[in-house]
file input.txt (compact mmCIF, C-alpha atoms and all ligand atoms)
# COMPACT_ATOMS: atom_id res chain seq x y z
CA MET Y 1 59.21 133.97 119.34
CA THR Y 2 59.38 136.85 116.84
CA ALA Y 3 58.91 136.56 113.07
CA GLN Y 4 62.67 136.38 112.44
CA THR Y 5 64.21 134.17 115.08
CA LYS Y 6 67.99 133.96 114.94
CA ALA Y 7 69.30 130.53 115.89
CA LEU Y 8 72.88 129.31 116.29
CA VAL Y 9 73.35 125.62 115.47
CA PHE Y 10 76.46 124.24 117.21
CA GLY Y 11 77.93 121.05 115.75
CA ALA Y 12 76.70 122.01 112.28
CA ARG Y 13 78.99 119.52 110.50
CA GLY Y 14 77.77 116.58 112.58
CA MET Y 15 75.06 114.13 111.59
CA LEU Y 16 72.26 115.82 113.53
CA GLY Y 17 73.60 119.39 113.46
CA SER Y 18 73.75 119.43 109.67
CA GLU Y 19 70.18 118.18 109.46
CA LEU Y 20 69.07 120.84 111.95
CA LEU Y 21 70.67 123.49 109.79
CA ARG Y 22 69.08 122.13 106.62
CA SER Y 23 65.61 121.84 108.13
CA ALA Y 24 65.28 125.18 109.93
CA PRO Y 25 61.65 126.29 109.59
CA SER Y 26 60.52 129.48 107.89
CA GLY Y 27 60.90 132.52 110.09
CA VAL Y 28 64.20 131.24 111.48
CA VAL Y 29 67.59 132.51 110.40
CA ALA Y 30 69.83 129.56 111.21
CA VAL Y 31 73.59 130.01 111.50
CA GLY Y 32 75.65 126.84 111.54
CA LEU Y 33 78.85 126.70 113.58
CA ALA Y 34 81.51 124.04 113.19
CA ARG Y 35 84.20 123.38 115.77
CA GLU Y 36 86.78 125.67 114.04
CA ARG Y 37 84.43 128.62 114.48
CA CYS Y 38 83.52 127.86 118.09
CA ASP Y 39 84.89 125.25 120.48
CA VAL Y 40 82.01 124.94 122.92
CA ALA Y 41 84.38 123.96 125.73
CA ASP Y 42 86.03 127.41 125.49
CA ARG Y 43 83.87 129.52 127.80
CA GLU Y 44 85.12 132.90 126.64
CA ALA Y 45 84.77 131.99 122.96
CA VAL Y 46 81.17 130.92 123.54
CA ARG Y 47 80.35 134.09 125.52
CA ALA Y 48 81.92 136.36 122.91
CA LEU Y 49 80.10 134.61 120.08
CA VAL Y 50 76.69 134.80 121.76
CA ARG Y 51 77.32 138.44 122.72
CA ALA Y 52 78.16 139.30 119.10
CA GLU Y 53 75.45 137.27 117.37
CA LYS Y 54 72.59 137.97 119.81
CA PRO Y 55 70.62 134.81 118.95
CA ALA Y 56 67.21 134.03 120.43
CA LEU Y 57 68.02 130.34 120.27
CA LEU Y 58 71.07 128.07 120.64
CA LEU Y 59 70.81 124.46 119.45
CA ASN Y 60 73.60 122.23 120.72
CA ALA Y 61 74.29 119.20 118.53
CA THR Y 62 77.99 119.00 119.46
CA ALA Y 63 79.29 115.98 121.30
CA TYR Y 64 82.21 113.66 121.75
CA THR Y 65 80.40 110.60 120.36
CA ALA Y 66 83.16 107.95 120.22
CA VAL Y 67 81.57 105.77 122.91
CA ASP Y 68 84.36 103.18 123.17
CA ARG Y 69 87.27 105.61 122.81
CA ALA Y 70 85.82 107.72 125.63
CA GLU Y 71 86.85 104.97 128.06
CA GLU Y 72 90.47 105.82 127.23
CA GLU Y 73 90.11 109.59 126.97
CA PRO Y 74 87.56 110.57 129.60
CA LEU Y 75 88.77 114.17 129.79
CA ALA Y 76 88.07 114.75 126.11
CA ALA Y 77 84.57 113.31 126.59
CA TYR Y 78 83.86 115.40 129.69
CA ARG Y 79 85.24 118.50 128.03
CA ALA Y 80 82.89 118.30 125.03
CA ASN Y 81 79.88 116.65 126.68
CA GLY Y 82 79.97 118.29 130.11
CA LEU Y 83 81.85 121.58 129.97
CA GLY Y 84 80.53 122.46 126.48
CA PRO Y 85 76.82 122.38 127.37
CA LEU Y 86 77.54 124.16 130.66
CA ASN Y 87 79.22 127.02 128.77
CA LEU Y 88 76.36 127.24 126.30
CA ALA Y 89 73.81 127.29 129.13
CA LEU Y 90 75.66 130.07 130.95
CA ALA Y 91 75.96 132.18 127.79
CA ALA Y 92 72.30 131.60 126.88
CA ARG Y 93 71.16 132.64 130.35
CA GLU Y 94 73.39 135.72 130.33
CA HIS Y 95 71.87 136.87 127.05
CA GLY Y 96 68.27 135.79 127.67
CA ALA Y 97 68.39 133.21 124.87
CA ARG Y 98 66.95 129.70 124.90
CA LEU Y 99 69.29 126.69 124.74
CA LEU Y 100 68.15 123.34 123.37
CA HIS Y 101 70.75 120.71 124.24
CA VAL Y 102 70.68 117.18 122.82
CA GLY Y 103 71.05 114.28 125.26
CA THR Y 104 71.17 110.49 125.00
CA ASP Y 105 69.54 107.23 126.11
CA PHE Y 106 73.01 106.16 127.35
CA VAL Y 107 72.29 107.98 130.62
CA PHE Y 108 70.13 104.96 131.55
CA ASP Y 109 71.57 101.62 132.69
CA GLY Y 110 68.96 99.67 130.73
CA SER Y 111 68.67 96.92 133.32
CA ARG Y 112 65.22 97.65 134.76
CA GLN Y 113 62.89 94.66 135.02
CA PRO Y 114 60.26 94.30 133.82
CA ARG Y 115 61.24 96.30 130.78
CA ARG Y 116 59.33 99.38 129.79
CA PRO Y 117 60.43 102.47 127.84
CA TYR Y 118 62.29 105.09 129.88
CA GLU Y 119 60.32 108.21 130.72
CA GLU Y 120 61.74 111.68 131.16
CA PHE Y 121 61.86 111.46 134.96
CA ASP Y 122 63.20 107.92 135.34
CA ALA Y 123 66.47 107.98 137.27
CA PRO Y 124 69.62 108.01 135.12
CA ASN Y 125 72.42 105.61 135.99
CA PRO Y 126 75.00 105.82 133.19
CA GLN Y 127 77.32 102.84 132.77
CA SER Y 128 80.00 104.27 130.48
CA THR Y 129 82.28 107.32 130.38
CA TYR Y 130 80.30 108.64 127.41
CA GLY Y 131 77.04 108.20 129.36
CA ARG Y 132 78.46 109.86 132.48
CA SER Y 133 79.85 112.79 130.50
CA LYS Y 134 76.49 113.31 128.75
CA HIS Y 135 74.74 113.05 132.11
CA TRP Y 136 76.94 115.81 133.48
CA GLY Y 137 76.08 117.96 130.46
CA GLU Y 138 72.33 117.56 130.80
CA GLN Y 139 72.48 118.15 134.56
CA ALA Y 140 74.55 121.29 134.03
CA VAL Y 141 72.08 122.68 131.50
CA LEU Y 142 69.09 122.02 133.75
CA GLU Y 143 70.87 123.44 136.82
CA VAL Y 144 71.77 126.69 135.05
CA GLY Y 145 68.07 126.90 134.25
CA GLY Y 146 66.51 129.80 132.40
CA SER Y 147 64.37 128.52 129.54
CA ALA Y 148 66.83 125.72 128.67
CA GLN Y 149 65.73 122.38 127.28
CA VAL Y 150 67.43 118.99 127.24
CA VAL Y 151 66.13 116.56 124.62
CA ARG Y 152 67.32 112.96 124.90
CA THR Y 153 67.31 110.87 121.76
CA GLN Y 154 68.80 107.58 120.56
CA TRP Y 155 70.21 105.36 117.78
CA LEU Y 156 70.55 108.08 115.13
CA TYR Y 157 70.99 107.66 111.38
CA GLY Y 158 70.35 110.00 108.47
CA PRO Y 159 71.56 111.53 105.23
CA ARG Y 160 74.42 113.63 106.53
CA GLY Y 161 76.22 111.19 108.75
CA ARG Y 162 78.30 108.10 109.24
CA HIS Y 163 76.21 105.64 111.19
CA PHE Y 164 75.25 102.03 111.92
CA ILE Y 165 73.16 101.55 108.76
CA GLY Y 166 76.06 102.79 106.65
CA ALA Y 167 78.41 100.35 108.39
CA ILE Y 168 75.96 97.48 107.76
CA LEU Y 169 75.42 98.23 104.07
CA LYS Y 170 79.15 98.62 103.48
CA ALA Y 171 79.98 95.41 105.35
CA ALA Y 172 77.32 93.58 103.32
CA GLU Y 173 79.32 94.46 100.18
CA GLU Y 174 82.44 92.89 101.64
CA LYS Y 175 81.43 89.84 103.72
CA PRO Y 176 79.48 86.61 103.09
CA PHE Y 177 77.35 87.17 106.23
CA LEU Y 178 77.18 89.66 109.11
CA THR Y 179 77.00 89.16 112.87
CA VAL Y 180 74.97 91.77 114.73
CA VAL Y 181 74.10 92.16 118.41
CA ASP Y 182 70.60 90.96 119.20
CA ASP Y 183 70.36 91.60 122.95
CA GLN Y 184 70.39 95.42 122.99
CA LEU Y 185 67.08 97.11 122.29
CA GLY Y 186 66.31 100.74 121.57
CA CYS Y 187 64.54 102.80 118.96
CA PRO Y 188 66.32 103.72 115.72
CA THR Y 189 65.71 107.42 115.07
CA TYR Y 190 65.85 109.20 111.71
CA THR Y 191 67.60 112.57 111.96
CA VAL Y 192 65.15 114.07 109.44
CA ASP Y 193 62.20 113.30 111.75
CA LEU Y 194 64.18 114.26 114.83
CA ALA Y 195 65.41 117.61 113.51
CA ARG Y 196 61.90 118.67 112.55
CA ALA Y 197 60.65 117.75 116.04
CA LEU Y 198 63.57 119.54 117.73
CA TRP Y 199 62.70 122.79 115.97
CA ARG Y 200 59.14 122.46 117.23
CA ILE Y 201 60.31 121.76 120.77
CA ALA Y 202 62.70 124.73 120.66
CA LEU Y 203 60.14 127.15 119.25
CA GLU Y 204 56.96 125.95 120.98
CA GLY Y 205 57.89 123.77 123.93
CA GLU Y 206 58.41 124.63 127.58
CA ALA Y 207 61.73 124.46 129.42
CA GLY Y 208 62.97 121.20 130.90
CA LEU Y 209 63.66 117.60 130.00
CA TRP Y 210 62.24 115.88 126.91
CA HIS Y 211 62.55 112.55 125.11
CA CYS Y 212 62.31 112.44 121.33
CA ALA Y 213 62.73 109.31 119.19
CA ASN Y 214 60.89 107.43 116.48
CA SER Y 215 58.21 105.02 117.79
CA GLY Y 216 58.62 101.35 118.62
CA GLU Y 217 61.72 99.35 119.49
CA ALA Y 218 64.17 96.98 117.84
CA SER Y 219 67.43 95.18 118.44
CA TRP Y 220 70.49 96.15 116.40
CA ASN Y 221 70.07 92.85 114.59
CA THR Y 222 66.44 93.58 113.68
CA PHE Y 223 67.44 97.07 112.53
CA ALA Y 224 70.26 95.69 110.36
CA ALA Y 225 68.09 92.92 108.92
CA ARG Y 226 65.41 95.43 107.96
CA ALA Y 227 67.95 97.67 106.23
CA LEU Y 228 69.38 94.72 104.29
CA ALA Y 229 65.90 93.60 103.23
CA LEU Y 230 64.87 97.12 102.19
CA THR Y 231 67.95 97.44 99.98
CA GLY Y 232 67.48 94.04 98.36
CA SER Y 233 70.55 92.47 99.92
CA ALA Y 234 70.63 88.68 100.30
CA ILE Y 235 73.28 88.91 103.05
CA GLU Y 236 72.16 87.48 106.38
CA ALA Y 237 72.51 89.29 109.73
CA ARG Y 238 73.23 86.53 112.25
CA PRO Y 239 72.43 87.32 115.89
CA ILE Y 240 75.22 87.50 118.46
CA SER Y 241 75.27 88.67 122.09
CA THR Y 242 76.80 91.83 123.55
CA ALA Y 243 79.19 89.62 125.52
CA GLU Y 244 80.48 88.03 122.30
CA LEU Y 245 81.25 91.43 120.81
CA ALA Y 246 83.20 92.51 123.94
CA ARG Y 247 83.44 96.25 123.36
CA PRO Y 248 85.22 98.53 125.86
CA ALA Y 249 82.19 100.62 126.88
CA ALA Y 250 79.03 99.17 128.45
CA ARG Y 251 75.78 99.84 126.59
CA PRO Y 252 72.26 99.72 128.01
CA ALA Y 253 70.58 96.38 127.22
CA TYR Y 254 67.25 98.15 126.88
CA SER Y 255 66.89 101.90 126.37
CA ALA Y 256 63.78 102.64 124.32
CA LEU Y 257 62.59 106.14 125.19
CA ALA Y 258 58.98 106.99 126.02
CA CYS Y 259 58.35 110.44 124.57
CA ARG Y 260 55.62 111.44 127.02
CA ARG Y 261 56.16 115.17 127.05
CA LEU Y 262 56.24 115.37 123.28
CA GLU Y 263 52.83 113.72 123.12
CA LEU Y 264 51.31 115.62 126.02
CA SER Y 265 52.68 119.11 125.36
CA LEU Y 266 52.96 119.22 121.57
CA ASP Y 267 50.61 116.41 120.55
CA LEU Y 268 53.49 114.98 118.55
CA ARG Y 269 54.46 111.35 118.08
CA LEU Y 270 57.26 110.44 115.68
CA ARG Y 271 56.35 107.73 113.17
CA PRO Y 272 57.37 104.07 113.63
CA TRP Y 273 61.10 103.50 113.07
CA ALA Y 274 60.61 100.99 110.24
CA GLU Y 275 58.54 103.50 108.27
CA ALA Y 276 61.23 106.17 108.62
CA LEU Y 277 63.97 103.69 107.64
CA ALA Y 278 62.03 102.68 104.53
CA GLU Y 279 61.79 106.32 103.45
CA TYR Y 280 65.50 106.89 104.05
CA LEU Y 281 66.56 103.82 102.07
CA ALA Y 282 64.17 104.58 99.18
CA ASP Y 283 66.83 107.00 97.88
CA PRO Y 284 69.11 104.98 95.54
CA ALA Y 285 71.88 107.61 95.58
CA GLU Y 286 72.05 107.50 99.37
CA VAL Y 287 72.08 103.68 99.42
CA GLU Y 288 74.95 103.77 96.92
CA ARG Y 289 76.85 106.27 99.08
CA LEU Y 290 76.43 104.02 102.12
CA ARG Y 291 77.51 100.89 100.24
CA ARG Y 292 80.68 102.65 99.11
CA GLY Y 293 81.34 104.09 102.57
CA ALA Y 294 81.58 107.54 100.99
CA PRO Y 295 81.44 110.62 103.21
CA PRO Y 296 78.26 112.71 103.29
CA THR Y 297 78.06 115.89 101.24
CA GLU Y 298 80.00 118.74 102.84
CA VAL Y 299 77.76 121.04 104.86
CA GLN Y 300 77.80 124.76 104.25
CA THR Y 301 78.09 126.36 107.66
CA GLU Y 302 78.41 129.92 108.81
CA GLN Y 303 82.07 129.72 107.78
CA THR Y 304 80.89 130.26 104.25
CA ARG Y 305 77.45 131.76 104.57
CA ALA Y 306 74.67 132.48 107.02
CA ARG Y 307 71.46 131.60 105.35
CA GLU Y 308 67.81 132.16 105.74
CA ALA Y 309 66.28 128.74 105.98
CA ARG Y 310 63.48 127.69 103.74
CA PRO Y 311 60.23 126.16 104.92
CA HIS Y 312 59.82 122.36 104.92
N1 LIG V 401 74.60 109.32 117.06
C1 LIG V 401 73.74 108.75 117.88
O1 LIG V 401 73.32 107.60 117.68
C2 LIG V 401 73.24 109.50 119.07
C3 LIG V 401 72.39 108.84 119.98
C4 LIG V 401 71.89 109.54 121.08
C5 LIG V 401 72.22 110.86 121.26
N2 LIG V 401 73.06 111.47 120.38
C6 LIG V 401 73.39 112.87 120.62
O2 LIG V 401 72.99 113.62 119.50
C7 LIG V 401 73.86 114.74 119.34
C8 LIG V 401 74.38 114.77 117.91
O3 LIG V 401 75.08 113.56 117.68
P1 LIG V 401 75.68 113.20 116.24
O4 LIG V 401 75.57 111.75 116.10
O5 LIG V 401 75.11 114.12 115.22
O6 LIG V 401 77.20 113.55 116.49
P2 LIG V 401 78.40 113.75 115.43
O7 LIG V 401 77.97 113.39 114.06
O8 LIG V 401 79.58 113.05 116.04
O9 LIG V 401 78.63 115.31 115.46
C9 LIG V 401 79.09 115.96 116.61
C10 LIG V 401 79.73 117.25 116.17
O10 LIG V 401 80.18 117.94 117.36
C11 LIG V 401 81.42 118.54 117.04
N3 LIG V 401 82.16 118.80 118.27
C12 LIG V 401 82.69 117.89 119.12
N4 LIG V 401 83.30 118.53 120.14
C13 LIG V 401 83.15 119.86 119.92
C14 LIG V 401 83.57 121.03 120.60
N5 LIG V 401 84.28 120.97 121.75
N6 LIG V 401 83.21 122.24 120.09
C15 LIG V 401 82.51 122.33 118.95
N7 LIG V 401 82.11 121.26 118.23
C16 LIG V 401 82.42 120.03 118.72
C17 LIG V 401 82.10 117.54 116.15
O11 LIG V 401 83.11 118.18 115.43
P3 LIG V 401 84.39 117.36 114.91
O12 LIG V 401 83.87 116.56 113.75
O13 LIG V 401 85.35 118.43 114.55
O14 LIG V 401 84.83 116.50 116.05
C18 LIG V 401 80.95 117.05 115.28
O15 LIG V 401 80.80 117.85 114.12
C19 LIG V 401 74.93 114.59 120.41
O16 LIG V 401 74.56 115.33 121.54
C20 LIG V 401 74.89 113.13 120.76
O17 LIG V 401 75.34 112.87 122.07
C21 LIG V 401 73.57 110.83 119.29
call {"tool": "encode", "arguments": {"input": "input.txt", "output": "structure tokens"}}
result
Amino acid sequence: MTAQTKALVFGARGMLGSELLRSAPSGVVAVGLARERCDVADREAVRALVRAEKPALLLNATAYTAVDRAEEEPLAAYRANGLGPLNLALAAREHGARLLHVGTDFVFDGSRQPRRPYEEFDAPNPQSTYGRSKHWGEQAVLEVGGSAQVVRTQWLYGPRGRHFIGAILKAAEEKPFLTVVDDQLGCPTYTVDLARALWRIALEGEAGLWHCANSGEASWNTFAARALALTGSAIEARPISTAELARPAARPAYSALACRRLELSLDLRLRPWAEALAEYLADPAEVERLRRGAPPTEVQTEQTRAREARPH
């Protein structure tokens, strides 16, 4: 791509979108778009925006991410997670731009035996409305084609979001002990590591389907216990089963992602999850924010300014 690549970041107030905006590499002019500026499910709004902005790159970090609520409002989930990416893919193709769309491990059923991490071309079989809506979105992007990319990731946490680790640290302030599911395994992924890798994939990688997550695997209970230990909490995370928790949406029992293409095409392997978590929780101000359940700092999006991103 050229020296000054213009990129539109959709979902710029979300956990991952805000990190993408913050971490845009040098040579990229990144413009963040929140929902008020562009509803991705509105085809004409997306077309008009892309026509006016003429970006070389569209990064889609929008999604309907309320996994349980999606069971009750499937249309809202399909609108954001299926129609949205389709509209972005059509607009990108029309204007010769690249689209990088973010997908999820929830497209897999997680029941394969013996267990091994899911590769890019393993067959999806989503078990929830959220998973099915995200599957539609990734299929739509790949069917529209052009130079589009779908990058599946999983179990996100990071400085600009509300997430599992925040819920654990806040609950540890309020309860004598915690109960956390121990029979779902995946790989916790730090948005700071992920965003940096996504920029590389978008700028250097070929079209098609990718997996991108930190290395290794853990249960939610292991993940919680590590966060409690790293923050000096004496509160115990007691293991429970998925069945005991009885949530409305089914989750894959095992969904660690093998990031084959990332290793083969870009010679990139994200660091082990525990190392990334330790770095994240080494920031006392962030740990304090999570313990209080305070919202992340407001993100400056294109609503207020378009900025030239600084190098890492
Ligand atoms: N979080 C995870 O653990 C996880 C795991 C695997 C994959 N992913 C994927 O990673 C991506 C980013 O997830 P995230 O956790 O950063 O999500 P998030 O924090 O929930 O942010 C999603 C953003 O999308 C916006 N949005 C929703 N519908 C929209 C629409 N129709 N038009 C424009 N904007 C819309 C939301 O705006 P409002 O706030 O106004 O609703 C929100 O700012 C998603 O594709 C998600 O499926 C996430």
call {"tool": "axis_aligned_box", "arguments": {"input": "input.txt", "around": "range 233-245 of chain Y", "padding_each_side": "4 Å", "output": "JSON"}}
result
{"center_x": 75.9, "center_y": 89.5, "center_z": 112.7, "size_x": 18.7, "size_y": 13.9, "size_z": 33.6}
call {"tool": "residues_near_ligand", "arguments": {"input": "input.txt", "ligand": "ligand LIG 401 (chain V)", "cutoff": "8 Å", "atoms": "all atoms listed in the file", "output": "PDB file with C-alpha atoms, in the coordinates of the input"}}
result
ATOM      1  CA  PHE Y  10      76.460 124.240 117.210  1.00  0.00           C
ATOM      2  CA  GLY Y  11      77.930 121.050 115.750  1.00  0.00           C
ATOM      3  CA  ALA Y  12      76.700 122.010 112.280  1.00  0.00           C
ATOM      4  CA  ARG Y  13      78.990 119.520 110.500  1.00  0.00           C
ATOM      5  CA  GLY Y  14      77.770 116.580 112.580  1.00  0.00           C
ATOM      6  CA  MET Y  15      75.060 114.130 111.590  1.00  0.00           C
ATOM      7  CA  LEU Y  16      72.260 115.820 113.530  1.00  0.00           C
ATOM      8  CA  GLY Y  17      73.600 119.390 113.460  1.00  0.00           C
ATOM      9  CA  SER Y  18      73.750 119.430 109.670  1.00  0.00           C
ATOM     10  CA  LEU Y  33      78.850 126.700 113.580  1.00  0.00           C
ATOM     11  CA  ALA Y  34      81.510 124.040 113.190  1.00  0.00           C
ATOM     12  CA  ARG Y  35      84.200 123.380 115.770  1.00  0.00           C
ATOM     13  CA  GLU Y  36      86.780 125.670 114.040  1.00  0.00           C
ATOM     14  CA  ARG Y  37      84.430 128.620 114.480  1.00  0.00           C
ATOM     15  CA  CYS Y  38      83.520 127.860 118.090  1.00  0.00           C
ATOM     16  CA  ASP Y  39      84.890 125.250 120.480  1.00  0.00           C
ATOM     17  CA  VAL Y  40      82.010 124.940 122.920  1.00  0.00           C
ATOM     18  CA  ALA Y  41      84.380 123.960 125.730  1.00  0.00           C
ATOM     19  CA  ASP Y  42      86.030 127.410 125.490  1.00  0.00           C
ATOM     20  CA  ASN Y  60      73.600 122.230 120.720  1.00  0.00           C
ATOM     21  CA  ALA Y  61      74.290 119.200 118.530  1.00  0.00           C
ATOM     22  CA  THR Y  62      77.990 119.000 119.460  1.00  0.00           C
ATOM     23  CA  ALA Y  63      79.290 115.980 121.300  1.00  0.00           C
ATOM     24  CA  TYR Y  64      82.210 113.660 121.750  1.00  0.00           C
ATOM     25  CA  THR Y  65      80.400 110.600 120.360  1.00  0.00           C
ATOM     26  CA  ALA Y  66      83.160 107.950 120.220  1.00  0.00           C
ATOM     27  CA  ARG Y  79      85.240 118.500 128.030  1.00  0.00           C
ATOM     28  CA  ALA Y  80      82.890 118.300 125.030  1.00  0.00           C
ATOM     29  CA  ASN Y  81      79.880 116.650 126.680  1.00  0.00           C
ATOM     30  CA  GLY Y  84      80.530 122.460 126.480  1.00  0.00           C
ATOM     31  CA  HIS Y 101      70.750 120.710 124.240  1.00  0.00           C
ATOM     32  CA  VAL Y 102      70.680 117.180 122.820  1.00  0.00           C
ATOM     33  CA  GLY Y 103      71.050 114.280 125.260  1.00  0.00           C
ATOM     34  CA  THR Y 104      71.170 110.490 125.000  1.00  0.00           C
ATOM     35  CA  ASP Y 105      69.540 107.230 126.110  1.00  0.00           C
ATOM     36  CA  PHE Y 106      73.010 106.160 127.350  1.00  0.00           C
ATOM     37  CA  LYS Y 134      76.490 113.310 128.750  1.00  0.00           C
ATOM     38  CA  ARG Y 152      67.320 112.960 124.900  1.00  0.00           C
ATOM     39  CA  THR Y 153      67.310 110.870 121.760  1.00  0.00           C
ATOM     40  CA  GLN Y 154      68.800 107.580 120.560  1.00  0.00           C
ATOM     41  CA  TRP Y 155      70.210 105.360 117.780  1.00  0.00           C
ATOM     42  CA  LEU Y 156      70.550 108.080 115.130  1.00  0.00           C
ATOM     43  CA  TYR Y 157      70.990 107.660 111.380  1.00  0.00           C
ATOM     44  CA  GLY Y 161      76.220 111.190 108.750  1.00  0.00           C
ATOM     45  CA  ARG Y 162      78.300 108.100 109.240  1.00  0.00           C
ATOM     46  CA  HIS Y 163      76.210 105.640 111.190  1.00  0.00           C
TER      47      HIS Y 163
END
call {"tool": "residues_around", "arguments": {"input": "input.txt", "residues": "range 210-213 of chain Y", "least_positions_apart": "3", "cutoff": "9 Å", "atoms": "only C-alpha atoms", "output": "MDAnalysis selection string"}}
result
chainID Y and resid 103:105 118:120 149:156 187:190 193:194 197:198 201 207 216 256:262 269:271 273
call {"tool": "atom_distance", "arguments": {"input": "input.txt", "atom1": "CA of Ala45 in chain Y", "atom2": "CA of Leu88 in chain Y"}}
result
10.2 Å
call {"tool": "residues_around", "arguments": {"input": "input.txt", "residues": "Ile235 in chain Y", "least_positions_apart": "2", "cutoff": "9 Å", "atoms": "only C-alpha atoms", "output": "list in words"}}
result
Ala172, Glu173, Lys175, Pro176, Phe177, Leu178, Ala225, Leu228, Ala229, Ser233 and Ala237 of chain Y
call {"tool": "decode", "arguments": {"input": "input.txt", "residues": "range 202-260 of chain Y", "atoms": "C-alpha atoms", "output": "PDB file, in the first residue's frame"}}
result
ATOM      1  CA  ALA Y 202      -4.460  -5.861   6.726  1.00  0.00           C
ATOM      2  CA  LEU Y 203      -1.367  -4.183   5.296  1.00  0.00           C
ATOM      3  CA  GLU Y 204       0.774  -7.213   4.411  1.00  0.00           C
ATOM      4  CA  GLY Y 205      -1.416 -10.304   4.329  1.00  0.00           C
ATOM      5  CA  GLU Y 206      -3.251 -11.958   1.467  1.00  0.00           C
ATOM      6  CA  ALA Y 207      -7.034 -12.151   1.107  1.00  0.00           C
ATOM      7  CA  GLY Y 208      -9.011 -14.890   2.831  1.00  0.00           C
ATOM      8  CA  LEU Y 209      -9.580 -16.472   6.212  1.00  0.00           C
ATOM      9  CA  TRP Y 210      -7.203 -16.064   9.161  1.00  0.00           C
ATOM     10  CA  HIS Y 211      -7.045 -16.995  12.842  1.00  0.00           C
ATOM     11  CA  CYS Y 212      -5.355 -14.653  15.298  1.00  0.00           C
ATOM     12  CA  ALA Y 213      -5.143 -15.188  19.067  1.00  0.00           C
ATOM     13  CA  ASN Y 214      -2.546 -15.293  21.805  1.00  0.00           C
ATOM     14  CA  SER Y 215      -0.805 -18.680  22.183  1.00  0.00           C
ATOM     15  CA  GLY Y 216      -1.797 -21.541  24.452  1.00  0.00           C
ATOM     16  CA  GLU Y 217      -5.135 -22.393  26.023  1.00  0.00           C
ATOM     17  CA  ALA Y 218      -6.921 -22.055  29.345  1.00  0.00           C
ATOM     18  CA  SER Y 219     -10.290 -22.547  30.975  1.00  0.00           C
ATOM     19  CA  TRP Y 220     -12.215 -19.502  32.203  1.00  0.00           C
ATOM     20  CA  ASN Y 221     -11.386 -20.655  35.712  1.00  0.00           C
ATOM     21  CA  THR Y 222      -7.644 -20.807  35.002  1.00  0.00           C
ATOM     22  CA  PHE Y 223      -7.831 -17.376  33.359  1.00  0.00           C
ATOM     23  CA  ALA Y 224      -9.671 -15.902  36.358  1.00  0.00           C
ATOM     24  CA  ALA Y 225      -7.343 -17.539  38.882  1.00  0.00           C
ATOM     25  CA  ARG Y 226      -4.308 -16.141  37.073  1.00  0.00           C
ATOM     26  CA  ALA Y 227      -5.774 -12.632  37.061  1.00  0.00           C
ATOM     27  CA  LEU Y 228      -6.561 -12.839  40.788  1.00  0.00           C
ATOM     28  CA  ALA Y 229      -3.046 -14.079  41.558  1.00  0.00           C
ATOM     29  CA  LEU Y 230      -1.410 -11.386  39.409  1.00  0.00           C
ATOM     30  CA  THR Y 231      -3.344  -8.664  41.234  1.00  0.00           C
ATOM     31  CA  GLY Y 232      -2.544 -10.030  44.687  1.00  0.00           C
ATOM     32  CA  SER Y 233      -6.100 -11.064  45.488  1.00  0.00           C
ATOM     33  CA  ALA Y 234      -6.619 -13.816  48.061  1.00  0.00           C
ATOM     34  CA  ILE Y 235     -10.115 -14.574  46.688  1.00  0.00           C
ATOM     35  CA  GLU Y 236     -10.508 -18.113  45.382  1.00  0.00           C
ATOM     36  CA  ALA Y 237     -11.997 -18.994  41.966  1.00  0.00           C
ATOM     37  CA  ARG Y 238     -13.866 -22.258  42.546  1.00  0.00           C
ATOM     38  CA  PRO Y 239     -14.508 -24.410  39.466  1.00  0.00           C
ATOM     39  CA  ILE Y 240     -18.057 -25.030  38.268  1.00  0.00           C
ATOM     40  CA  SER Y 241     -19.432 -26.631  35.090  1.00  0.00           C
ATOM     41  CA  THR Y 242     -21.147 -24.954  32.144  1.00  0.00           C
ATOM     42  CA  ALA Y 243     -24.292 -26.919  33.017  1.00  0.00           C
ATOM     43  CA  GLU Y 244     -24.339 -25.418  36.524  1.00  0.00           C
ATOM     44  CA  LEU Y 245     -24.182 -21.895  35.124  1.00  0.00           C
ATOM     45  CA  ALA Y 246     -27.115 -22.576  32.730  1.00  0.00           C
ATOM     46  CA  ARG Y 247     -26.805 -19.608  30.384  1.00  0.00           C
ATOM     47  CA  PRO Y 248     -29.240 -19.123  27.483  1.00  0.00           C
ATOM     48  CA  ALA Y 249     -26.688 -19.434  24.646  1.00  0.00           C
ATOM     49  CA  ALA Y 250     -24.532 -22.518  24.046  1.00  0.00           C
ATOM     50  CA  ARG Y 251     -20.775 -21.956  24.060  1.00  0.00           C
ATOM     51  CA  PRO Y 252     -18.112 -24.177  22.501  1.00  0.00           C
ATOM     52  CA  ALA Y 253     -16.527 -26.458  25.124  1.00  0.00           C
ATOM     53  CA  TYR Y 254     -13.201 -26.193  23.337  1.00  0.00           C
ATOM     54  CA  SER Y 255     -12.376 -23.472  20.820  1.00  0.00           C
ATOM     55  CA  ALA Y 256      -8.655 -22.682  20.935  1.00  0.00           C
ATOM     56  CA  LEU Y 257      -7.630 -21.322  17.533  1.00  0.00           C
ATOM     57  CA  ALA Y 258      -4.586 -22.536  15.621  1.00  0.00           C
ATOM     58  CA  CYS Y 259      -3.154 -19.483  13.864  1.00  0.00           C
ATOM     59  CA  ARG Y 260      -1.535 -21.364  10.985  1.00  0.00           C
TER      60      ARG Y 260
END
